[in-house]
file start.tsv (TSV, C-alpha atoms (C1' of nucleotides))
chain	number	residue	atom	x	y	z
Y	1244	MET	CA	-26.73	3.15	15.83
Y	1245	LEU	CA	-26.38	3.71	12.13
Y	1246	THR	CA	-27.82	6.70	10.37
Y	1247	PRO	CA	-30.81	6.33	8.01
Y	1248	PHE	CA	-28.43	7.17	5.22
Y	1249	THR	CA	-26.20	4.24	6.05
Y	1250	GLN	CA	-29.08	1.81	6.43
Y	1251	LYS	CA	-30.59	2.83	3.14
Y	1252	ALA	CA	-27.25	2.56	1.41
Y	1253	LEU	CA	-26.78	-0.95	2.78
Y	1254	HIS	CA	-30.22	-1.95	1.54
Y	1255	MET	CA	-29.48	-0.67	-1.94
Y	1256	ILE	CA	-26.15	-2.44	-2.19
Y	1257	LYS	CA	-27.87	-5.69	-1.29
Y	1258	ASN	CA	-30.39	-5.01	-4.05
Y	1259	ILE	CA	-27.87	-4.75	-6.85
Y	1260	PRO	CA	-28.60	-7.75	-9.10
Y	1261	GLU	CA	-25.94	-9.94	-10.60
Y	1262	GLY	CA	-24.45	-8.61	-13.80
Y	1263	ARG	CA	-25.02	-4.99	-12.77
Y	1264	VAL	CA	-22.93	-2.46	-10.83
Y	1265	MET	CA	-23.47	0.82	-9.00
Y	1266	THR	CA	-21.15	3.70	-8.33
Y	1267	TYR	CA	-20.38	5.08	-4.87
Y	1268	GLY	CA	-21.91	8.38	-5.82
Y	1269	SER	CA	-25.14	6.84	-7.10
Y	1270	ILE	CA	-25.64	4.76	-4.00
Y	1271	ALA	CA	-25.02	7.77	-1.82
Y	1272	ALA	CA	-27.35	9.92	-3.91
Y	1273	PHE	CA	-30.18	7.39	-3.74
Y	1274	ALA	CA	-29.63	7.13	-0.01
Y	1275	GLY	CA	-30.07	10.87	0.35
Y	1276	LYS	CA	-26.51	12.22	0.34
Y	1277	PRO	CA	-25.37	13.30	-3.16
Y	1278	ASN	CA	-21.94	13.96	-1.70
Y	1279	GLY	CA	-21.71	10.93	0.53
Y	1280	ALA	CA	-19.76	8.69	-1.79
Y	1281	ARG	CA	-16.91	8.33	0.71
Y	1282	GLN	CA	-19.26	6.98	3.34
Y	1283	ILE	CA	-20.07	4.09	1.02
Y	1284	SER	CA	-16.45	3.07	1.05
Y	1285	ARG	CA	-16.51	3.09	4.82
Y	1286	LEU	CA	-19.63	0.92	4.78
Y	1287	LEU	CA	-17.99	-1.65	2.60
Y	1288	HIS	CA	-14.95	-1.59	4.86
Y	1289	SER	CA	-16.76	-2.23	8.12
Y	1290	MET	CA	-20.04	-3.84	7.08
Y	1291	SER	CA	-19.30	-6.09	4.12
Y	1292	LYS	CA	-18.26	-9.00	6.33
Y	1293	LYS	CA	-21.15	-8.76	8.79
Y	1294	HIS	CA	-23.87	-7.86	6.30
Y	1295	ASP	CA	-22.95	-10.17	3.45
Y	1296	LEU	CA	-22.78	-7.36	0.93
Y	1297	PRO	CA	-22.01	-7.78	-2.79
Y	1298	TRP	CA	-19.20	-5.26	-2.38
Y	1299	HIS	CA	-17.67	-6.26	-5.70
Y	1300	ARG	CA	-20.64	-4.67	-7.52
Y	1301	VAL	CA	-19.56	-1.21	-6.38
Y	1302	VAL	CA	-17.20	0.78	-8.59
Y	1303	ASN	CA	-16.22	4.43	-8.90
Y	1304	SER	CA	-17.86	7.02	-11.16
Y	1305	LYS	CA	-15.58	6.22	-14.08
Y	1306	GLY	CA	-16.68	2.62	-14.07
Y	1307	LYS	CA	-13.33	1.44	-12.73
Y	1308	ILE	CA	-12.38	-0.60	-9.69
Y	1309	SER	CA	-11.10	1.59	-6.91
Y	1310	LEU	CA	-9.13	-1.07	-5.09
Y	1311	ARG	CA	-5.39	-1.16	-5.55
Y	1312	PRO	CA	-3.85	-4.21	-7.23
Y	1313	SER	CA	-2.97	-6.92	-4.72
Y	1314	HIS	CA	-5.55	-5.43	-2.39
Y	1315	GLY	CA	-8.66	-6.91	-3.91
Y	1316	TYR	CA	-8.59	-5.39	-7.36
Y	1317	GLU	CA	-8.07	-8.66	-9.17
Y	1318	LEU	CA	-10.56	-10.45	-6.95
Y	1319	GLN	CA	-13.27	-7.90	-7.65
Y	1320	LYS	CA	-12.59	-7.95	-11.36
Y	1321	ALA	CA	-12.79	-11.73	-11.42
Y	1322	LEU	CA	-16.08	-11.73	-9.51
Y	1323	LEU	CA	-17.61	-9.17	-11.85
Y	1324	GLU	CA	-16.49	-10.98	-14.96
Y	1325	SER	CA	-17.95	-14.20	-13.60
Y	1326	GLU	CA	-21.30	-12.41	-13.40
Y	1327	GLY	CA	-21.14	-11.39	-17.04
Y	1328	ILE	CA	-19.78	-7.86	-16.68
Y	1329	GLU	CA	-17.30	-6.93	-19.39
Y	1330	PHE	CA	-14.23	-4.75	-19.01
Y	1331	SER	CA	-12.84	-2.60	-21.78
Y	1332	LYS	CA	-9.18	-2.41	-22.75
Y	1333	SER	CA	-8.47	0.04	-19.93
Y	1334	ASP	CA	-10.22	-2.14	-17.32
Y	1335	THR	CA	-13.30	0.08	-17.31
Y	1336	ILE	CA	-16.93	-1.02	-17.23
Y	1337	ASN	CA	-19.43	0.45	-19.70
Y	1338	LEU	CA	-21.70	2.13	-17.17
Y	1339	THR	CA	-24.29	3.15	-19.74
Y	1340	PHE	CA	-24.95	-0.55	-20.13
Y	1341	PHE	CA	-24.12	-2.13	-16.75
Y	1342	LEU	CA	-25.07	0.58	-14.26
Y	1343	TRP	CA	-28.00	-0.45	-12.08
Y	1344	SER	CA	-30.48	2.33	-11.39
Y	1345	SER	CA	-32.12	0.44	-8.52
Y	1346	LEU	CA	-35.60	0.87	-10.02
S	643	DC	C1'	-16.67	16.57	21.35
S	644	DC	C1'	-12.36	16.80	18.44
S	645	DA	C1'	-9.20	14.81	15.10
S	646	DC	C1'	-8.27	11.56	11.68
S	647	DT	C1'	-9.40	8.49	7.96
S	648	DG	C1'	-11.27	6.79	3.63
S	649	DA	C1'	-12.64	1.12	-2.01
S	650	DC	C1'	-15.10	9.19	-3.78
S	651	DT	C1'	-16.05	13.12	-7.06
S	652	DA	C1'	-15.76	17.23	-9.68
S	653	DC	C1'	-12.88	20.78	-11.04
S	654	DT	C1'	-8.43	22.80	-12.34
S	655	DT	C1'	-3.64	22.50	-14.18
P	494	DC	C1'	-5.39	11.98	-20.41
P	495	DA	C1'	-2.68	12.34	-15.81
P	496	DA	C1'	-1.83	14.62	-11.46
P	497	DG	C1'	-3.11	17.82	-7.91
P	498	DT	C1'	-6.69	20.07	-4.90
P	499	DA	C1'	-10.80	21.11	-2.33
P	500	DG	C1'	-15.24	19.60	-0.65
P	501	DC	C1'	-17.65	16.13	1.22
P	502	DC	C1'	-19.59	13.32	5.71
P	503	DA	C1'	-20.12	9.17	8.68
P	504	DG	C1'	-17.46	5.73	11.47
P	505	DT	C1'	-13.89	5.14	14.95
P	506	DG	C1'	-10.99	6.15	19.04

call {"tool": "encode", "arguments": {"input": "start.tsv", "output": "structure tokens"}}
result
Amino acid sequence: MLTPFTQKALHMIKNIPEGRVMTYGSIAAFAGKPNGARQISRLLHSMSKKHDLPWHRVVNSKGKISLRPSHGYELQKALLESEGIEFSKSDTINLTFFLWSSL
DNA sequence: CCACTGACTACTT
DNA sequence: CAAGTAGCCAGTG
């Protein structure tokens, strides 16, 4: 059985529209755990396959991809760019423009 | 139940 | 700005 926090987090991830991203911390905060960012990573690890989650729309608080190169980093970046999200010179996303507030 | 892990974050050097 | 550290909490065995 998953906790309410986890279920809510899953719901929010599914609700991120194309061309927008959310940070681990924001998802966790909206789900009720301001410090539960790490749980989001676990969700993506174990639930992304079964729940058809847009995992690529989740980035860290700095607006950067957290995956290591050759471990999904390039794939995620490609998926985001195909949705219209732009990366700066240092591979960071302008969160003030692309961050999705869920409401 | 205990120990370990993790696609994190904020703070300090 | 980069590297190190402590706090965080649910999933898994």

call {"tool": "closest_atom_pairs", "arguments": {"input": "start.tsv", "of": "chain Y", "to": "chain S", "cutoff": "10 Å", "atoms": "only C-alpha atoms (C1' of nucleotides)", "output": "CSV"}}
result
residue,atom,partner,partner_atom,distance
Y:Thr1266,CA,S:DC650,C1',9.4
Y:Tyr1267,CA,S:DC650,C1',6.8
Y:Gly1268,CA,S:DC650,C1',7.2
Y:Asn1278,CA,S:DT651,C1',8.0
Y:Gly1279,CA,S:DC650,C1',8.1
Y:Ala1280,CA,S:DC650,C1',5.1
Y:Arg1281,CA,S:DC650,C1',4.9
Y:Gln1282,CA,S:DG648,C1',8.0
Y:Ile1283,CA,S:DA649,C1',8.6
Y:Ser1284,CA,S:DA649,C1',5.3
Y:Arg1285,CA,S:DG648,C1',6.5
Y:Leu1286,CA,S:DA649,C1',9.7
Y:Leu1287,CA,S:DA649,C1',7.6
Y:His1288,CA,S:DA649,C1',7.7
Y:Trp1298,CA,S:DA649,C1',9.2
Y:His1299,CA,S:DA649,C1',9.7
Y:Val1301,CA,S:DA649,C1',8.5
Y:Val1302,CA,S:DA649,C1',8.0
Y:Asn1303,CA,S:DC650,C1',7.1
Y:Ser1304,CA,S:DT651,C1',7.6
Y:Lys1305,CA,S:DT651,C1',9.9
Y:Ile1308,CA,S:DA649,C1',7.9
Y:Ser1309,CA,S:DA649,C1',5.2
Y:Leu1310,CA,S:DA649,C1',5.2
Y:Arg1311,CA,S:DA649,C1',8.4
Y:His1314,CA,S:DA649,C1',9.7
Y:Gly1315,CA,S:DA649,C1',9.2
Y:Tyr1316,CA,S:DA649,C1',9.3

call {"tool": "interface_residues", "arguments": {"input": "start.tsv", "of": "chain P", "to": "chain Y", "cutoff": "8 Å", "atoms": "only C-alpha atoms (C1' of nucleotides)", "output": "list in words"}}
result
DC501, DC502, DA503 and DG504 of chain P

call {"tool": "atom_distance", "arguments": {"input": "start.tsv", "atom1": "CA of Met1265 (chain Y)", "atom2": "CA of Asp1334 (chain Y)"}}
result
15.9 Å

call {"tool": "atom_distance", "arguments": {"input": "start.tsv", "atom1": "CA of Gly1275 (chain Y)", "atom2": "CA of Met1255 (chain Y)"}}
result
11.8 Å

call {"tool": "atom_distance", "arguments": {"input": "start.tsv", "atom1": "CA of Val1264 (chain Y)", "atom2": "C1' of DT505 (chain P)"}}
result
28.4 Å

call {"tool": "decode", "arguments": {"input": "start.tsv", "residues": "chain P", "atoms": "N, CA, C and O atoms (P, O5', C5', C4', C3', O3' and C1' of nucleotides)", "output": "PDB file, in the first residue's frame"}}
result
ATOM      1  P    DC P 494      27.037  30.928 -10.618  1.00  0.00           P
ATOM      2  O5'  DC P 494      28.329  30.029 -10.343  1.00  0.00           O
ATOM      3  C5'  DC P 494      29.381  30.076 -11.265  1.00  0.00           C
ATOM      4  C4'  DC P 494      30.453  29.078 -10.892  1.00  0.00           C
ATOM      5  C3'  DC P 494      29.903  27.672 -10.618  1.00  0.00           C
ATOM      6  O3'  DC P 494      30.819  26.697 -11.133  1.00  0.00           O
ATOM      7  C1'  DC P 494      30.979  28.493  -8.672  1.00  0.00           C
ATOM      8  P    DA P 495      30.388  25.152 -11.246  1.00  0.00           P
ATOM      9  O5'  DA P 495      31.318  24.398 -10.186  1.00  0.00           O
ATOM     10  C5'  DA P 495      32.728  24.518 -10.279  1.00  0.00           C
ATOM     11  C4'  DA P 495      33.387  23.749  -9.132  1.00  0.00           C
ATOM     12  C3'  DA P 495      32.801  22.358  -8.924  1.00  0.00           C
ATOM     13  O3'  DA P 495      33.851  21.460  -8.581  1.00  0.00           O
ATOM     14  C1'  DA P 495      32.492  23.653  -6.970  1.00  0.00           C
ATOM     15  P    DA P 496      33.565  19.911  -8.415  1.00  0.00           P
ATOM     16  O5'  DA P 496      33.656  19.751  -6.829  1.00  0.00           O
ATOM     17  C5'  DA P 496      34.847  20.145  -6.160  1.00  0.00           C
ATOM     18  C4'  DA P 496      34.703  19.907  -4.668  1.00  0.00           C
ATOM     19  C3'  DA P 496      34.121  18.532  -4.322  1.00  0.00           C
ATOM     20  O3'  DA P 496      34.842  18.000  -3.220  1.00  0.00           O
ATOM     21  C1'  DA P 496      32.794  20.238  -3.353  1.00  0.00           C
ATOM     22  P    DG P 497      34.485  16.522  -2.656  1.00  0.00           P
ATOM     23  O5'  DG P 497      33.902  16.855  -1.206  1.00  0.00           O
ATOM     24  C5'  DG P 497      34.599  17.761  -0.368  1.00  0.00           C
ATOM     25  C4'  DG P 497      33.802  18.052   0.883  1.00  0.00           C
ATOM     26  C3'  DG P 497      33.134  16.808   1.487  1.00  0.00           C
ATOM     27  O3'  DG P 497      33.342  16.818   2.894  1.00  0.00           O
ATOM     28  C1'  DG P 497      31.516  18.505   1.105  1.00  0.00           C
ATOM     29  P    DT P 498      32.704  15.620   3.803  1.00  0.00           P
ATOM     30  O5'  DT P 498      31.347  16.332   4.255  1.00  0.00           O
ATOM     31  C5'  DT P 498      31.428  17.556   4.979  1.00  0.00           C
ATOM     32  C4'  DT P 498      30.110  17.828   5.695  1.00  0.00           C
ATOM     33  C3'  DT P 498      29.455  16.570   6.265  1.00  0.00           C
ATOM     34  O3'  DT P 498      28.944  16.846   7.566  1.00  0.00           O
ATOM     35  C1'  DT P 498      27.973  17.672   4.798  1.00  0.00           C
ATOM     36  P    DA P 499      28.379  15.642   8.462  1.00  0.00           P
ATOM     37  O5'  DA P 499      26.895  16.164   8.695  1.00  0.00           O
ATOM     38  C5'  DA P 499      26.686  17.550   8.986  1.00  0.00           C
ATOM     39  C4'  DA P 499      25.208  17.856   8.907  1.00  0.00           C
ATOM     40  C3'  DA P 499      24.332  16.796   9.580  1.00  0.00           C
ATOM     41  O3'  DA P 499      23.259  17.440  10.251  1.00  0.00           O
ATOM     42  C1'  DA P 499      23.738  17.003   7.299  1.00  0.00           C
ATOM     43  P    DG P 500      22.216  16.535  11.107  1.00  0.00           P
ATOM     44  O5'  DG P 500      20.902  16.653  10.206  1.00  0.00           O
ATOM     45  C5'  DG P 500      20.420  17.956   9.876  1.00  0.00           C
ATOM     46  C4'  DG P 500      19.217  17.838   8.965  1.00  0.00           C
ATOM     47  C3'  DG P 500      18.205  16.776   9.424  1.00  0.00           C
ATOM     48  O3'  DG P 500      16.902  17.344   9.388  1.00  0.00           O
ATOM     49  C1'  DG P 500      18.800  16.415   7.175  1.00  0.00           C
ATOM     50  P    DC P 501      15.671  16.466  10.001  1.00  0.00           P
ATOM     51  O5'  DC P 501      14.967  15.906   8.676  1.00  0.00           O
ATOM     52  C5'  DC P 501      14.565  16.792   7.646  1.00  0.00           C
ATOM     53  C4'  DC P 501      14.273  16.018   6.376  1.00  0.00           C
ATOM     54  C3'  DC P 501      13.462  14.750   6.627  1.00  0.00           C
ATOM     55  O3'  DC P 501      12.084  15.050   6.553  1.00  0.00           O
ATOM     56  C1'  DC P 501      15.231  14.383   5.051  1.00  0.00           C
ATOM     57  P    DC P 502      11.043  14.226   7.442  1.00  0.00           P
ATOM     58  O5'  DC P 502      10.732  12.968   6.516  1.00  0.00           O
ATOM     59  C5'  DC P 502      10.174  13.155   5.237  1.00  0.00           C
ATOM     60  C4'  DC P 502      10.148  11.836   4.494  1.00  0.00           C
ATOM     61  C3'  DC P 502       9.569  10.680   5.314  1.00  0.00           C
ATOM     62  O3'  DC P 502       8.767   9.892   4.488  1.00  0.00           O
ATOM     63  C1'  DC P 502      11.635  10.072   4.454  1.00  0.00           C
ATOM     64  P    DA P 503       7.550   9.075   5.072  1.00  0.00           P
ATOM     65  O5'  DA P 503       7.267   8.053   3.884  1.00  0.00           O
ATOM     66  C5'  DA P 503       6.993   8.571   2.590  1.00  0.00           C
ATOM     67  C4'  DA P 503       7.572   7.654   1.533  1.00  0.00           C
ATOM     68  C3'  DA P 503       7.055   6.215   1.632  1.00  0.00           C
ATOM     69  O3'  DA P 503       6.902   5.710   0.316  1.00  0.00           O
ATOM     70  C1'  DA P 503       9.407   6.251   1.862  1.00  0.00           C
ATOM     71  P    DG P 504       6.130   4.348   0.071  1.00  0.00           P
ATOM     72  O5'  DG P 504       7.271   3.436  -0.526  1.00  0.00           O
ATOM     73  C5'  DG P 504       7.799   3.777  -1.790  1.00  0.00           C
ATOM     74  C4'  DG P 504       8.972   2.858  -2.122  1.00  0.00           C
ATOM     75  C3'  DG P 504       8.605   1.376  -2.097  1.00  0.00           C
ATOM     76  O3'  DG P 504       9.244   0.754  -3.197  1.00  0.00           O
ATOM     77  C1'  DG P 504      10.385   1.816  -0.594  1.00  0.00           C
ATOM     78  P    DT P 505       8.871  -0.783  -3.533  1.00  0.00           P
ATOM     79  O5'  DT P 505      10.097  -1.558  -2.857  1.00  0.00           O
ATOM     80  C5'  DT P 505      11.415  -1.279  -3.308  1.00  0.00           C
ATOM     81  C4'  DT P 505      12.434  -2.116  -2.553  1.00  0.00           C
ATOM     82  C3'  DT P 505      12.008  -3.578  -2.341  1.00  0.00           C
ATOM     83  O3'  DT P 505      13.034  -4.435  -2.806  1.00  0.00           O
ATOM     84  C1'  DT P 505      12.753  -2.601  -0.304  1.00  0.00           C
ATOM     85  P    DG P 506      12.748  -6.070  -2.847  1.00  0.00           P
ATOM     86  O5'  DG P 506      13.633  -6.577  -1.643  1.00  0.00           O
ATOM     87  C5'  DG P 506      15.041  -6.310  -1.660  1.00  0.00           C
ATOM     88  C4'  DG P 506      15.680  -6.844  -0.372  1.00  0.00           C
ATOM     89  C3'  DG P 506      15.238  -8.275  -0.042  1.00  0.00           C
ATOM     90  O3'  DG P 506      16.350  -8.999   0.497  1.00  0.00           O
ATOM     91  C1'  DG P 506      14.731  -6.847   1.766  1.00  0.00           C
TER      92       DG P 506
END
